[in-house]
Structure formats: structure tokens, C-alpha cells
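Have a look at model-v8.cif below; it lists mmCIF, C-alpha atoms.
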data_model
#
loop_
_atom_site.label_atom_id
_atom_site.label_comp_id
_atom_site.auth_asym_id
_atom_site.auth_seq_id
_atom_site.Cartn_x
_atom_site.Cartn_y
_atom_site.Cartn_z
CA MET U 1 -8.67 7.93 -25.00
CA GLN U 2 -7.94 10.37 -27.81
CA PRO U 3 -7.41 8.94 -31.30
CA THR U 4 -4.04 9.51 -32.93
CA ALA U 5 -2.92 9.61 -36.55
CA ASN U 6 -1.34 6.14 -36.14
CA ASP U 7 -4.54 4.45 -34.97
CA PRO U 8 -5.96 1.94 -37.45
CA VAL U 9 -9.12 3.04 -39.19
CA PRO U 10 -12.01 1.33 -37.41
CA ALA U 11 -14.43 -0.81 -39.34
CA PRO U 12 -17.56 1.11 -40.31
CA LEU U 13 -20.58 0.63 -38.07
CA ASP U 14 -23.94 -0.20 -39.56
CA ALA U 15 -27.40 0.90 -38.44
CA ALA U 16 -27.80 -2.18 -36.24
CA ASP U 17 -24.53 -1.38 -34.43
CA TYR U 18 -25.73 2.15 -33.63
CA GLN U 19 -29.11 0.80 -32.59
CA SER U 20 -27.42 -1.67 -30.22
CA LEU U 21 -25.23 1.05 -28.73
CA GLY U 22 -28.19 3.41 -28.33
CA GLU U 23 -30.31 0.69 -26.78
CA PHE U 24 -27.50 -0.28 -24.40
CA ARG U 25 -26.90 3.34 -23.37
CA ARG U 26 -30.62 3.71 -22.72
CA ALA U 27 -30.67 0.45 -20.73
CA ILE U 28 -27.80 1.64 -18.54
CA ARG U 29 -29.49 5.00 -17.89
CA ASP U 30 -32.78 3.25 -17.21
CA PHE U 31 -31.11 0.83 -14.78
CA LEU U 32 -29.29 3.63 -12.94
CA ALA U 33 -32.51 5.65 -12.60
CA PHE U 34 -34.32 2.52 -11.37
CA SER U 35 -31.53 1.76 -8.87
CA GLU U 36 -31.56 5.34 -7.53
CA GLU U 37 -35.34 5.22 -7.09
CA SER U 38 -35.09 1.81 -5.41
CA ALA U 39 -32.53 3.21 -2.96
CA ARG U 40 -34.82 6.17 -2.17
CA GLU U 41 -37.71 3.76 -1.52
CA TYR U 42 -35.58 2.15 1.21
CA GLY U 43 -34.61 5.50 2.71
CA VAL U 44 -31.05 5.89 1.42
CA THR U 45 -29.49 8.07 -1.23
CA ALA U 46 -27.94 6.60 -4.36
CA GLN U 47 -24.47 7.36 -2.97
CA GLN U 48 -25.29 5.70 0.35
CA HIS U 49 -26.49 2.62 -1.54
CA GLN U 50 -23.28 2.59 -3.58
CA ALA U 51 -21.27 2.81 -0.35
CA LEU U 52 -23.19 -0.08 1.23
CA LEU U 53 -22.59 -2.17 -1.89
CA ALA U 54 -18.87 -1.29 -2.02
CA ILE U 55 -18.40 -2.17 1.66
CA ARG U 56 -20.26 -5.48 1.27
CA ALA U 57 -18.49 -6.40 -1.99
CA HIS U 58 -14.99 -5.64 -0.66
CA ALA U 59 -12.82 -8.75 -0.83
CA GLY U 60 -9.66 -7.61 0.95
CA PRO U 61 -7.97 -9.38 3.87
CA GLU U 62 -9.69 -7.03 6.29
CA PRO U 63 -12.83 -4.89 6.01
CA MET U 64 -12.84 -1.90 3.66
CA SER U 65 -11.20 1.29 4.90
CA ILE U 66 -12.55 4.79 4.41
CA GLY U 67 -9.75 5.47 1.91
CA GLU U 68 -10.67 2.36 -0.08
CA LEU U 69 -14.31 3.45 -0.05
CA ALA U 70 -13.30 6.86 -1.40
CA ASP U 71 -11.33 5.16 -4.19
CA SER U 72 -14.19 2.80 -4.97
CA LEU U 73 -16.74 5.61 -5.22
CA LEU U 74 -14.35 8.00 -7.00
CA ILE U 75 -14.78 10.64 -4.32
CA LYS U 76 -12.38 12.59 -2.09
CA ASN U 77 -11.39 11.11 1.26
CA HIS U 78 -13.10 13.89 3.23
CA SER U 79 -16.33 13.25 1.29
CA ALA U 80 -16.12 9.56 2.20
CA VAL U 81 -15.64 10.50 5.87
CA GLY U 82 -18.86 12.54 5.77
CA LEU U 83 -20.72 9.80 3.91
CA VAL U 84 -19.61 7.20 6.45
CA ALA U 85 -20.60 9.48 9.34
CA ARG U 86 -24.14 9.70 7.93
CA LEU U 87 -24.29 5.91 7.45
CA VAL U 88 -23.08 5.33 11.02
CA GLU U 89 -25.62 7.86 12.34
CA ARG U 90 -28.41 5.95 10.57
CA GLY U 91 -27.25 2.61 12.01
CA LEU U 92 -26.28 1.15 8.62
CA VAL U 93 -22.48 0.97 9.00
CA ALA U 94 -20.04 0.45 11.88
CA ARG U 95 -16.55 1.96 12.09
CA GLN U 96 -13.63 0.42 13.92
CA ALA U 97 -9.91 1.04 14.07
CA SER U 98 -7.73 -1.55 12.33
CA GLU U 99 -5.87 -3.82 14.74
CA THR U 100 -2.79 -3.74 12.50
CA ASP U 101 -2.78 0.03 11.82
CA ARG U 102 -4.73 2.17 14.29
CA ARG U 103 -4.78 5.04 11.76
CA ARG U 104 -6.98 3.03 9.40
CA VAL U 105 -10.72 3.12 10.01
CA LEU U 106 -12.45 -0.06 8.85
CA LEU U 107 -16.08 -0.32 7.78
CA THR U 108 -18.59 -3.11 8.20
CA LEU U 109 -22.31 -3.25 7.60
CA GLU U 110 -24.64 -3.30 10.57
CA PRO U 111 -27.59 -5.74 10.34
CA ARG U 112 -29.85 -2.88 9.23
CA GLY U 113 -27.37 -1.98 6.48
CA GLU U 114 -27.21 -5.62 5.35
CA GLU U 115 -31.00 -5.81 5.17
CA THR U 116 -31.32 -2.52 3.29
CA LEU U 117 -28.64 -3.52 0.80
CA GLN U 118 -30.18 -6.95 0.29
CA ARG U 119 -33.61 -5.51 -0.50
CA ILE U 120 -32.24 -2.94 -2.95
CA SER U 121 -30.00 -5.56 -4.55
CA HIS U 122 -32.91 -7.96 -5.11
CA ASN U 123 -34.82 -5.18 -6.87
CA ASN U 124 -31.79 -4.30 -8.97
CA LEU U 125 -31.14 -7.91 -9.97
CA ARG U 126 -34.74 -8.26 -11.17
CA LYS U 127 -34.28 -5.12 -13.27
CA LEU U 128 -30.96 -6.39 -14.64
CA THR U 129 -32.66 -9.43 -16.14
CA VAL U 130 -34.39 -7.00 -18.51
CA THR U 131 -31.21 -4.98 -19.12
CA ALA U 132 -29.25 -8.14 -19.92
CA ARG U 133 -31.00 -8.43 -23.29
CA SER U 134 -29.45 -5.14 -24.45
CA LEU U 135 -26.07 -6.12 -23.04
CA ARG U 136 -26.10 -9.38 -25.00
CA ARG U 137 -26.76 -7.48 -28.25
CA VAL U 138 -23.88 -5.07 -27.61
CA LEU U 139 -21.54 -7.94 -26.71
CA SER U 140 -22.53 -9.68 -29.94
CA MET U 141 -21.70 -6.50 -31.86
CA LEU U 142 -18.33 -6.27 -30.10
CA ARG U 143 -17.51 -9.88 -30.98
CA LYS U 144 -18.35 -9.13 -34.61
CA MET U 145 -16.05 -6.08 -34.54
CA GLU U 146 -13.23 -8.11 -32.92
CA ILE U 147 -13.54 -10.77 -35.60
CA ALA U 148 -13.46 -8.12 -38.33
CA GLN U 149 -10.39 -6.47 -36.73
CA GLY U 150 -8.67 -9.87 -36.45
CA ALA U 151 -9.36 -10.64 -40.12
CA LYS U 152 -8.00 -7.21 -41.09
CA ALA U 153 -4.83 -7.81 -39.05
CA GLU U 154 -4.31 -11.19 -40.72
CA ASP U 155 -4.68 -9.62 -44.17
CA ALA U 156 -2.05 -6.98 -43.35
#
Kindly present the structure from the file in C-alpha cells form.
Amino acid sequence: MQPTANDPVPAPLDAADYQSLGEFRRAIRDFLAFSEESAREYGVTAQQHQALLAIRAHAGPEPMSIGELADSLLIKNHSAVGLVARLVERGLVARQASETDRRRVLLTLEPRGEETLQRISHNNLRKLTVTARSLRRVLSMLRKMEIAQGAKAEDA
């Protein structure tokens, strides 16, 4: 979002704020690198892991479609088709036509995909316990900024 001339002047940040942001950015990068390596250890690419997670996390009335997967991963539909084909070939995902709309292809995890995702997810959750410390500091900084903005608005 680009700032405009009408935007209120933000409260100045102090050294601790920048340290929190830097630490959080580093924690995110560290977590993503860890997650990618964890996926590789279980024989899948980072994108394949993200697809398995998106399919498993989908909460719609029916299983996730290829179009929904593309939206979730911020990729083009034809890229999602290729990704799904590789996952099906490896026995991680199953495709089936929707009973309500035969044009829609629905995705479910095969038992091997479930197991792979579960192992990677356990690793990632252990890593996130370390990352959570940085997140708490940034959230504390954001609360402080919100309070300062609220006080400024009340004064105006």
C-alpha cells in the first residue's frame, strides 16, 4: 500500500522496534528455510509440501479443487494442474471429478500424502515454538503502536 499525503504521520519507531522487526523477519526466513529443508528430507519440494498442506487444511463443503489450490498457492491454474499431476504420480494425492459439477476436479490426500504431511508438520511445529518468541515481541510492539495511535486520535 502506497502512502498518500493524507495519511497520518506514523509514530516514530525506536531501536527496540527495529530490532523486533529485524528479528521477526529473520525468524520468518529461518522458518521458511527450515520448512523447505524438512520437505526435501521427506522427498517433496517446498511447493509440493505447500500443496499437501493446502489440500489438507481446506475447509470447504467438498474437497479442494485444482482452481482453489491455484488460488491458495498464488499460482496459475495450469501450474496447479502440473503440480497435482506430479503429486498423483508420486501417490500423494488423488483426483476425482466432483459429483455436483463434473468439470471440477477435486483433490484428496492419499495415505502416503497424509503421512508425509504429518511428519513435515510435526517438524515445523517444533521449529515454530522457537519462532513464536520473536512473534510475541513483534505483536507486543504492534499493540504499543496501536495504543499510541489511539491516544493520538483521542487528542485530535
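Nearest residue to Leu92 of chain U, choosing from U:Gln48, U:Pro63, U:Ser121, U:Thr129 and counting all atoms listed in the file: U:Gln48.
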Practice problem: Name all residues at most 10 Å from segment 68-85 of chain U (count all atoms listed in the file; drop same-chain ones fewer than 5 positions away) and give them as a count of residues only. | Solution: 18
Quiz item: To one decimal place, how far is atom CA of Ala39 of chain U from atom CA of Thr116 of chain U in Å?
Solution: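 Pair atom CA of Ala39 of chain U / atom CA of Thr116 of chain U returns 8.6 Å.
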Exercise. Report the distance between atom CA of Leu21 of chain U and atom CA of Ala148 of chain U in Å, rounded to one decimal place.
Key: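 According to the coordinates, atom CA of Leu21 of chain U and atom CA of Ala148 of chain U are separated by 17.7 Å.
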Quiz item: For Val88 of chain U, which residue among U:Thr108, U:Ser20, U:Gln118, U:Thr131 is the nearest when counting only C-alpha atoms?
Solution: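 Using only C-alpha atoms, the shortest distance to Val88 of chain U belongs to U:Thr108.
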Quiz item: What is the atom CA of Ala27 of chain U to atom CA of Gly150 of chain U distance in Å?
Solution: 28.9 Å
